[in-house]
Amino acid sequence: MSKIHQIILIAMVVMSCSKNEKQVNLDFKVSDLQTEETEAKIQELVAKMTLKEKAGQMLNIGLPAVLKGEYWDARDSVNFDGKKFKKFIVDYAVGSIHNTPQYPATREEWFKIVKEIQDSAMQKTRLGIPVLYGIDNIHGANYVNGSVIFPHQIAVAATWNKELSRLGGEITSYESRAASLPWNFNPNADVAMNPLWGRIAESFGEDPYLISEMTNAYMQGSQEKGLQNPTSTAVCLKHFVGYGVGRNGKDRANAIIPENSLRQYFLPPFEKAIENGAMGIMISSNAVNGIPCHLNKYYITDILKGELKFKGVVISDFSDVEFLVAAHESAKDMREATKFAVNAGIDLLMNPYDADVVDIIVDLVEKGEISKERINDAVTRVLRLKFYLNLFEKPYNNPGEYPDFGSEKHIAANYQTASEAITLLKNKNAVLPLSSNKKILVTGYASNSINNLNGAWSRSFLGRDTTYNDPSKLTILQAIKKQVGAQHVDFIEGTDYLEDINSDKAVLKAKNADYIVVCVGEIPASEKPSDINELELPKVQQDLVKKLAKTGKPIILVMVQGRPRIIKEIEPLVDGIIMAYLPGQEGGRAISDIIFGNINPSGKLPYTYPMYSGNAVTYYHKKTDIRDINWGYDGFYPQYEFGFGLSFTTFEYSNLKVSKDTLVGKEDVKISIDVKNTGKREGKETVQVYLKDLVATVSPDSKKLVRFNKIQLQPNETKTIEFVLVTKDFENVGIENKWIVEDGDFEVQIGGNSKDVLKQQVYFKN
Ligand code: BGC
C-alpha cells in the first residue's frame with residue numbers, strides 16, 4: 001500500500017471517528033433476545049438433563065486439558081489427546097472451554113480446533129449441546145495470529161474518545177469471530193485506584209465515570225449488532241469486584257472496600273453494562289474485606305443477580321474454586337470450596353485441569369447441600385448465552401468469510417487509537433516536535449522492542465516471546481529511522497529492564513547527537529509476574545537518564561509502561577516527556593509521528609500520576625487525605641494531574657455559563673463553555689466537567705468527573721461546548737449507603753484537566 005493510500009485511509013478513519021463520535025449513544029440494548037420462545041427452549045432442554053449433564057454444563061476447562069502432553073507443556077501444534085478429549089468433551093460433556101494452544105493459532109487453525117470440539121459435543125453427546133468457547137482477546141484478538149494488536153485498555157482510556165473504544169470492541173469481535181471464538185473475557189471494568197497494581201494497563205484507569213463510558217462503548221462495539229450476528233462476540237466484564245484496589249497493590253491481594261465505596265466507585269461501571277445487556281461477568285480472584293469474592297453470596301447473588309438484575313453467566317476466575325482452599329484458606333477442601341462457590345451464585349467454574357468439580361457438584365446436590373434450583377439457575381444462564389450466541393445453529397464460523405481480518409482498515413483504526421492515546425506530559429521550550437534533519441540518539445530498554453509496545457496478552461500470556469512478532473511492525477527505533485533516515489539515527493540499548501548493558505557507551509554516543517530519545521519502560525507482564533515492590537522507575541533506567549543529562553543535550557523521555565512509575569528525580573533533567581502506555585503494534589509509528597510532529601498529541605492521563613510513592617492519592621479524595629505537615633490542606637502532590645495532557649497547540653477556556661443558580665428537584669441544568677484554539681495548529685482537546693459537592697454528611701470528594709467531550713479545533717477557532725447535567729450527576733452515596741443528594745451548594749468545574757478549571761456555583765434543592 002502506498003504512503004498516499006495510507007494517508008487517505010487514516011483520514012477516512014479519522015473522519016468517520018469524528019463524525020461518529022457525536023453519535024456514540026451508550027443507551028443501546030441487546031437484551032431483547034430474552035424472548036419467551038428462547039426461555040421456553042432453554043427450560044425444555046433443562047428438563048431433559050440429568051444431574052451430571054447439568055453439572056457438566058457448569059464446568060469450564062482449559063484447552064490444554066484435552067491436548068497431548070502436560071497442561072503447561074510447550075507444543076508447536078494442536079494434537080488432541082483422544083482419551084482426554086473423549087473424557088471431557090463426550091463423557092463429561094463440558095459446558096465451556098477457555099485458553100489457547102501454547103502458540104498463537106491462525107484463524108484457520110482456530111476453526112479446526114473449535115470445529116472438532118463442537119462437532120463432537122453436538123454429535124457424540126446425548127443432548128448435543130454446543131460448547132461455549134471463552135478467550136482473553138483483551139486488546140484486539142491477541143490470541144489469533146495475524147490479528148491487529150491494539151493498545152491496552154489504559155491507552156484506550158487515555159484517548160478519551162468513546163468512538164475509538166467502540167471501534168476497538170467492534171474490530172476485536174470481528175477478528176475473534178473470524179477464529180470461531182464467540183465469548184471474550186473482556187472488557188475490564190476494574191477501578192484501578194492503586195498505582196502499584198500490575199494490571200492497571202488492562203483497566204480503563206482510576207475514574208468510575210470514564211471506566212463506565214469506555215466499558216460501555218467497547219461493549220457496544222462488541223454486541224450492538226446483536227449476539228446472533230456472526231461478527232459479534234459476547235463480553236465478559238471482569239473482575240467483580242475490587243481487584244484494582246488490593247491493599248498492598250499486589251496481584252489478587254485483599255482489598256478493603258466499605259459498602260459506601262463499593263456503591264460509589266466500584267459498582268457503577270458494571271451496573272450500566274448490565275443494563276445494556278452484558279451476558280458474562282467474571283468474579284475477581286481477590287478477597288474484599290477478607291471475604292473471597294468467589295464465596296461472597298452477598299456480592300454475587302444479592303447484588304449482581306438481585307439488585308442489578310444480571311441475567312447472564314457468572315464465571316469463576318482461573319482455578320479460583322481451588323484457590324478458596326489453597327490461597328484464601330477459607331474452605332478446607334475442594335468439596336467445601338465448590339459448595340461455597342456454587343451456593344454463592346457462581347454458574348460456571350473455570351477449573352482448567354480436571355472435571356472433579358462435576359462429580360463434586362453431583363454429590364453435593366444429591367446430599368442436599370446445593371439445591372436443585374441453584375443448579376437449574378446456573379445451567380439456564382449458561383444455555384441462555386449459548387442460545388443468544390446462536391451456537392446451536394452456528395457453532396463455528398467460516399474463517400474465509402472475514403475479509404477485513406487484519407486489514408488495512410483495521411490497522412488504520414489501531415494506529416488512530418495509539419496516536420490519540422499517547423500523552424505529552426512535558427514540552428519545555430517547545431522542544432517537540434523535533435525537526436527531521438538533526439542527529440538523534442535512540443536508547444533505552446524499550447526503544448527497540450515490539451514486545452514492550454504490546455505488553456502482556458500478546459500472542460502469549462506474558463507477551464515476551466518474540467517468535468510470533470509481525471516483522472512488518474516497527475519498534476520506536478525503526479519508526480524513527482524510517483522517519484528521518486537511518487543515517488541520522490544512532491542506537492545503543494543503554495540498559496535492560498533492571499540491568500545496565502552499556503550506559504557509558506550511550507553517553508559517549510550522546511555527545512555526537514543533537515537530541516537524545518530515551519525510551520524507558522516495564523517488562524511485559526500481568527498477574528503475579530507484574531508485581532513490584534516499589535513504584536519508582538527501575539534505578540538503572542533512571543541512572544541512564546541522569547548520565548545522559550550530564551551531556552547537556554536535550555532529552556526526550558518516552559515511557560512505555562502501564563503503571564505511572566515514579567520519575568521525580570529525572571523529570572527535571574529532561575525536556576520532553578511522552579507517556580506511551582502500552583500502545584500496541586502501531587505504537588512505534590505513532591510515537592515517532594508525535595516526536596516529529598506528524599500527529600498533534602491529544603491523549604490525557606486516565607489516572608493521577610504520583611510524584612511520591614508515599615503519596616499515591618486518586619484525584620478524587622477526601623480533604624483529610626491531603627492534610628500536610630503544616631496543618632494545611634495542600635498535601636496532594638501529583639507529578640501530573642488526572643486528565644492532564646499537552647498539545648502542540650494551546651486551548652483557552654472562557655465564558656462558563658450554568659443555566660440556573662438553583663436547581664429544584666429533578667430539573668436538568670445546561671452548562672456551556674467556550675473553548676478556543678489559541679495556537680497555530682489544528683488540535684484535539686478533551687473538555688472535562690467535574691462536580692464538587694461543597695458540604696455533605698459523608699465527607700465529599702474533592703471532585704468527580706461527570707462529563708467529557710473530545711473536540712477538534714482549527715487555529716483561532718472557538719467552539720461553544722454544551723453539556724446537560726441531571727440529578728443523578730449530583731448524587732453521591734450517603735450515610736445510609738443509598739444514592740442521595742443533600743440540599744446545598746455544588747461547584748461546576750470545567751477545564752482541560754482536573755486541576756486547571758473554571759468554576760461556578762449552583763445550589764441544589766430537593
Ligand atoms: C485472569 C483473568 C483471565 C483468566 C482466563 C485469569 O488468571 O485473572 O483475567 O480472564 O485468567 O485466562
# chains A, B, ... in the order shown; residues from 1 in each chain; ligands from 1
>>> residues_around(residues="Val757 of chain A", least_positions_apart="2", cutoff="10 Å", atoms="only C-alpha atoms", output="PyMOL selection string")
chain A and resi 653+688-690+748-755+759-760
>>> residues_around(residues="Gly455 of chain A", least_positions_apart="6", cutoff="8 Å", atoms="only C-alpha atoms", output="ChimeraX atom specification")
/A:152,462-464,523-525,582,584
>>> residues_near_ligand(ligand="ligand 1", cutoff="10 Å", atoms="only C-alpha atoms and all ligand atoms", output="JSON, numbers by chain")
{"A": [62, 98, 99, 100, 134, 135, 136, 137, 138, 184, 185, 186, 187, 188, 199, 202, 236, 237, 238, 239, 243, 251, 252, 282, 283, 284, 285, 286, 315, 316, 317, 318, 319, 320, 350, 352, 457, 461, 526, 527, 528]}
>>> closest_atom_pairs(of="segment 556-603 of chain A", to="segment 676-683 of chain A", cutoff="12 Å", atoms="only C-alpha atoms", output="tab-separated table")
residue	atom	partner	partner_atom	distance
A:Gly597	CA	A:Arg681	CA	10.4
A:Asn598	CA	A:Arg681	CA	11.3
A:Ile599	CA	A:Gly683	CA	9.2
A:Asn600	CA	A:Gly683	CA	6.2
A:Pro601	CA	A:Gly683	CA	7.9
A:Ser602	CA	A:Gly683	CA	7.3
A:Gly603	CA	A:Gly683	CA	11.1
>>> residues_around(residues="Lys311 of chain A", least_positions_apart="3", cutoff="7 Å", atoms="only C-alpha atoms", output="PDB file with all heavy atoms, in the first residue's frame")
ATOM      1  N   MET A 279     -23.706 -10.159  29.147  1.00  0.00           N
ATOM      2  CA  MET A 279     -24.176 -11.521  29.433  1.00  0.00           C
ATOM      3  C   MET A 279     -23.118 -12.389  30.100  1.00  0.00           C
ATOM      4  O   MET A 279     -23.304 -13.586  30.243  1.00  0.00           O
ATOM      5  CB  MET A 279     -24.655 -12.182  28.136  1.00  0.00           C
ATOM      6  CG  MET A 279     -25.960 -11.630  27.609  1.00  0.00           C
ATOM      7  SD  MET A 279     -27.309 -11.772  28.793  1.00  0.00           S
ATOM      8  CE  MET A 279     -27.475 -13.555  28.859  1.00  0.00           C
ATOM      9  N   LYS A 305     -27.000 -10.507  40.870  1.00  0.00           N
ATOM     10  CA  LYS A 305     -28.178 -11.128  40.255  1.00  0.00           C
ATOM     11  C   LYS A 305     -29.476 -10.531  40.786  1.00  0.00           C
ATOM     12  O   LYS A 305     -30.499 -10.547  40.103  1.00  0.00           O
ATOM     13  CB  LYS A 305     -28.167 -12.640  40.509  1.00  0.00           C
ATOM     14  CG  LYS A 305     -27.012 -13.369  39.827  1.00  0.00           C
ATOM     15  CD  LYS A 305     -27.072 -14.868  40.049  1.00  0.00           C
ATOM     16  CE  LYS A 305     -25.996 -15.585  39.253  1.00  0.00           C
ATOM     17  NZ  LYS A 305     -25.982 -17.040  39.511  1.00  0.00           N
ATOM     18  N   ARG A 381     -28.563 -20.150  32.806  1.00  0.00           N
ATOM     19  CA  ARG A 381     -27.769 -18.990  32.390  1.00  0.00           C
ATOM     20  C   ARG A 381     -26.722 -19.376  31.332  1.00  0.00           C
ATOM     21  O   ARG A 381     -26.521 -18.636  30.359  1.00  0.00           O
ATOM     22  CB  ARG A 381     -27.077 -18.368  33.616  1.00  0.00           C
ATOM     23  CG  ARG A 381     -28.035 -17.639  34.520  1.00  0.00           C
ATOM     24  CD  ARG A 381     -27.422 -17.396  35.886  1.00  0.00           C
ATOM     25  NE  ARG A 381     -28.373 -16.729  36.757  1.00  0.00           N
ATOM     26  CZ  ARG A 381     -28.500 -15.401  36.843  1.00  0.00           C
ATOM     27  NH1 ARG A 381     -27.717 -14.620  36.149  1.00  0.00           N
ATOM     28  NH2 ARG A 381     -29.402 -14.880  37.646  1.00  0.00           N
TER      29      ARG A 381
END
>>> select_by_dssp(residues="segment 473-717 of chain A", states="strand (DSSP E or B)", output="PyMOL selection string")
chain A and resi 489-492+495+500+515-521+536+555-560+566+576-579+609-610+638-640+646+651-658+662-664+669-677+683-693+704-713
>>> select_by_dssp(residues="segment 487-653 of chain A", states="alpha helix (DSSP H)", output="PyMOL selection string")
chain A and resi 503-510+539-549+587-595
>>> closest_residue(among="A:Thr618, A:Ser180, A:Thr231, A:Gln712", to="Asn397 of chain A", atoms="only C-alpha atoms")
A:Ser180
>>> residues_around(residues="Ser699 of chain A", least_positions_apart="4", cutoff="9 Å", atoms="only C-alpha atoms", output="list in words")
Lys622, Lys623 and Val695 of chain A
>>> write_last_selection(atoms="C-alpha atoms", output="CSV table (one decimal), in the first residue's frame")
chain,number,residue,atom,x,y,z
A,622,LYS,CA,-11.3,13.5,51.0
A,623,LYS,CA,-9.9,16.8,52.2
A,695,VAL,CA,-20.8,20.1,52.0
>>> residues_around(residues="segment 214-217 of chain A", least_positions_apart="4", cutoff="8 Å", atoms="only C-alpha atoms", output="PyMOL selection string")
chain A and resi 24+26+157+162-163+165-166+169+187-189+204+210+221+269+272-273+276
>>> write_last_selection(atoms="N, CA, C and O atoms", output="PDB file, in the first residue's frame")
ATOM      1  N   VAL A  24     -22.107   8.387  19.460  1.00  0.00           N
ATOM      2  CA  VAL A  24     -21.928   7.298  20.416  1.00  0.00           C
ATOM      3  C   VAL A  24     -22.956   7.490  21.520  1.00  0.00           C
ATOM      4  O   VAL A  24     -22.867   8.381  22.335  1.00  0.00           O
ATOM      5  N   LEU A  26     -24.678   5.551  24.435  1.00  0.00           N
ATOM      6  CA  LEU A  26     -24.454   4.311  25.177  1.00  0.00           C
ATOM      7  C   LEU A  26     -25.731   3.687  25.716  1.00  0.00           C
ATOM      8  O   LEU A  26     -25.691   2.750  26.488  1.00  0.00           O
ATOM      9  N   ALA A 157      -8.362   4.348  27.263  1.00  0.00           N
ATOM     10  CA  ALA A 157      -8.956   5.347  28.165  1.00  0.00           C
ATOM     11  C   ALA A 157      -8.299   6.706  27.958  1.00  0.00           C
ATOM     12  O   ALA A 157      -8.956   7.744  28.005  1.00  0.00           O
ATOM     13  N   LYS A 162     -14.694   7.902  23.020  1.00  0.00           N
ATOM     14  CA  LYS A 162     -15.548   6.713  23.145  1.00  0.00           C
ATOM     15  C   LYS A 162     -15.668   5.966  21.834  1.00  0.00           C
ATOM     16  O   LYS A 162     -15.772   4.743  21.814  1.00  0.00           O
ATOM     17  N   GLU A 163     -15.641   6.716  20.748  1.00  0.00           N
ATOM     18  CA  GLU A 163     -15.775   6.060  19.455  1.00  0.00           C
ATOM     19  C   GLU A 163     -14.608   5.098  19.210  1.00  0.00           C
ATOM     20  O   GLU A 163     -14.785   4.031  18.618  1.00  0.00           O
ATOM     21  N   SER A 165     -13.006   3.435  21.538  1.00  0.00           N
ATOM     22  CA  SER A 165     -13.245   2.255  22.362  1.00  0.00           C
ATOM     23  C   SER A 165     -14.286   1.364  21.677  1.00  0.00           C
ATOM     24  O   SER A 165     -14.144   0.145  21.611  1.00  0.00           O
ATOM     25  N   ARG A 166     -15.326   2.005  21.138  1.00  0.00           N
ATOM     26  CA  ARG A 166     -16.373   1.246  20.432  1.00  0.00           C
ATOM     27  C   ARG A 166     -15.774   0.499  19.227  1.00  0.00           C
ATOM     28  O   ARG A 166     -16.006  -0.693  19.034  1.00  0.00           O
ATOM     29  N   GLY A 169     -13.789  -2.475  20.241  1.00  0.00           N
ATOM     30  CA  GLY A 169     -14.674  -3.599  20.567  1.00  0.00           C
ATOM     31  C   GLY A 169     -15.183  -4.274  19.298  1.00  0.00           C
ATOM     32  O   GLY A 169     -15.231  -5.506  19.202  1.00  0.00           O
ATOM     33  N   PRO A 187     -14.645  -6.475  28.363  1.00  0.00           N
ATOM     34  CA  PRO A 187     -13.628  -5.551  28.849  1.00  0.00           C
ATOM     35  C   PRO A 187     -13.432  -5.648  30.359  1.00  0.00           C
ATOM     36  O   PRO A 187     -14.233  -6.246  31.071  1.00  0.00           O
ATOM     37  N   ASN A 188     -12.369  -5.005  30.790  1.00  0.00           N
ATOM     38  CA  ASN A 188     -12.019  -4.965  32.193  1.00  0.00           C
ATOM     39  C   ASN A 188     -12.635  -3.695  32.788  1.00  0.00           C
ATOM     40  O   ASN A 188     -12.312  -2.591  32.364  1.00  0.00           O
ATOM     41  N   ALA A 189     -13.548  -3.897  33.741  1.00  0.00           N
ATOM     42  CA  ALA A 189     -14.248  -2.738  34.341  1.00  0.00           C
ATOM     43  C   ALA A 189     -13.725  -2.460  35.757  1.00  0.00           C
ATOM     44  O   ALA A 189     -14.410  -1.831  36.567  1.00  0.00           O
ATOM     45  N   PHE A 204      -9.331   0.643  32.514  1.00  0.00           N
ATOM     46  CA  PHE A 204      -9.555   1.987  31.966  1.00  0.00           C
ATOM     47  C   PHE A 204      -9.155   3.068  32.974  1.00  0.00           C
ATOM     48  O   PHE A 204      -9.572   4.214  32.852  1.00  0.00           O
ATOM     49  N   LEU A 210     -15.287   7.540  33.689  1.00  0.00           N
ATOM     50  CA  LEU A 210     -14.527   7.264  32.468  1.00  0.00           C
ATOM     51  C   LEU A 210     -14.541   5.762  32.177  1.00  0.00           C
ATOM     52  O   LEU A 210     -14.733   5.325  31.035  1.00  0.00           O
ATOM     53  N   GLY A 221     -19.551  -1.800  20.730  1.00  0.00           N
ATOM     54  CA  GLY A 221     -18.869  -2.278  19.525  1.00  0.00           C
ATOM     55  C   GLY A 221     -18.936  -3.794  19.399  1.00  0.00           C
ATOM     56  O   GLY A 221     -19.085  -4.336  18.303  1.00  0.00           O
ATOM     57  N   PRO A 269     -19.587   1.011  36.924  1.00  0.00           N
ATOM     58  CA  PRO A 269     -19.239   0.534  35.578  1.00  0.00           C
ATOM     59  C   PRO A 269     -19.951  -0.776  35.218  1.00  0.00           C
ATOM     60  O   PRO A 269     -20.309  -0.995  34.061  1.00  0.00           O
ATOM     61  N   LYS A 272     -24.146  -0.159  34.559  1.00  0.00           N
ATOM     62  CA  LYS A 272     -24.620   0.331  33.267  1.00  0.00           C
ATOM     63  C   LYS A 272     -24.461  -0.748  32.187  1.00  0.00           C
ATOM     64  O   LYS A 272     -25.323  -0.919  31.321  1.00  0.00           O
ATOM     65  N   ALA A 273     -23.352  -1.499  32.264  1.00  0.00           N
ATOM     66  CA  ALA A 273     -23.128  -2.542  31.256  1.00  0.00           C
ATOM     67  C   ALA A 273     -24.171  -3.655  31.389  1.00  0.00           C
ATOM     68  O   ALA A 273     -24.592  -4.240  30.393  1.00  0.00           O
ATOM     69  N   ASN A 276     -27.221  -2.569  29.769  1.00  0.00           N
ATOM     70  CA  ASN A 276     -27.074  -2.601  28.315  1.00  0.00           C
ATOM     71  C   ASN A 276     -26.973  -4.013  27.745  1.00  0.00           C
ATOM     72  O   ASN A 276     -26.713  -4.193  26.561  1.00  0.00           O
TER      73      ASN A 276
END
>>> closest_residue(among="A:Ala278, A:Val362, A:Leu267, A:Leu324", to="His294 of chain A", atoms="only C-alpha atoms")
A:Leu324
>>> residues_around(residues="Pro471 of chain A", least_positions_apart="3", cutoff="12 Å", atoms="only C-alpha atoms", output="ChimeraX atom specification")
/A:146,449-451,466-468,474-475,478,585
>>> atom_distance(atom1="atom CA of Tyr402 of chain A", atom2="atom CA of Arg107 of chain A")
9.9 Å
>>> decode(residues="segment 560-597 of chain A", atoms="C-alpha atoms", output="mmCIF file, in the first residue's frame")
data_model
loop_
_atom_site.group_PDB
_atom_site.id
_atom_site.type_symbol
_atom_site.label_atom_id
_atom_site.label_comp_id
_atom_site.auth_asym_id
_atom_site.auth_seq_id
_atom_site.Cartn_x
_atom_site.Cartn_y
_atom_site.Cartn_z
ATOM 1 C CA VAL A 560 6.408 2.584 27.610
ATOM 2 C CA GLN A 561 4.610 1.346 30.692
ATOM 3 C CA GLY A 562 1.205 0.527 32.088
ATOM 4 C CA ARG A 563 1.737 1.985 35.543
ATOM 5 C CA PRO A 564 2.767 5.516 36.407
ATOM 6 C CA ARG A 565 6.318 4.723 37.561
ATOM 7 C CA ILE A 566 7.804 7.447 39.749
ATOM 8 C CA ILE A 567 10.130 9.774 37.817
ATOM 9 C CA LYS A 568 10.507 12.754 40.138
ATOM 10 C CA GLU A 569 14.333 12.701 40.055
ATOM 11 C CA ILE A 570 14.694 12.533 36.295
ATOM 12 C CA GLU A 571 11.719 14.703 35.351
ATOM 13 C CA PRO A 572 13.657 17.969 35.796
ATOM 14 C CA LEU A 573 16.542 16.626 33.695
ATOM 15 C CA VAL A 574 14.561 16.078 30.514
ATOM 16 C CA ASP A 575 12.964 18.495 28.080
ATOM 17 C CA GLY A 576 10.128 16.446 26.685
ATOM 18 C CA ILE A 577 8.108 13.602 28.204
ATOM 19 C CA ILE A 578 5.841 11.310 26.229
ATOM 20 C CA MET A 579 3.671 8.766 28.024
ATOM 21 C CA ALA A 580 3.080 5.978 25.508
ATOM 22 C CA TYR A 581 1.368 3.440 27.853
ATOM 23 C CA LEU A 582 1.402 0.047 26.088
ATOM 24 C CA PRO A 583 0.418 1.360 22.668
ATOM 25 C CA GLY A 584 0.303 -1.918 20.717
ATOM 26 C CA GLN A 585 1.606 -2.909 17.340
ATOM 27 C CA GLU A 586 1.275 0.502 15.713
ATOM 28 C CA GLY A 587 2.749 2.250 18.754
ATOM 29 C CA GLY A 588 6.249 2.646 17.319
ATOM 30 C CA ARG A 589 4.886 4.563 14.341
ATOM 31 C CA ALA A 590 2.561 6.641 16.470
ATOM 32 C CA ILE A 591 5.319 7.627 18.923
ATOM 33 C CA SER A 592 7.646 8.633 16.102
ATOM 34 C CA ASP A 593 4.851 10.574 14.402
ATOM 35 C CA ILE A 594 4.330 12.545 17.598
ATOM 36 C CA ILE A 595 8.050 13.154 18.126
ATOM 37 C CA PHE A 596 8.346 14.602 14.630
ATOM 38 C CA GLY A 597 5.004 16.390 14.657
#
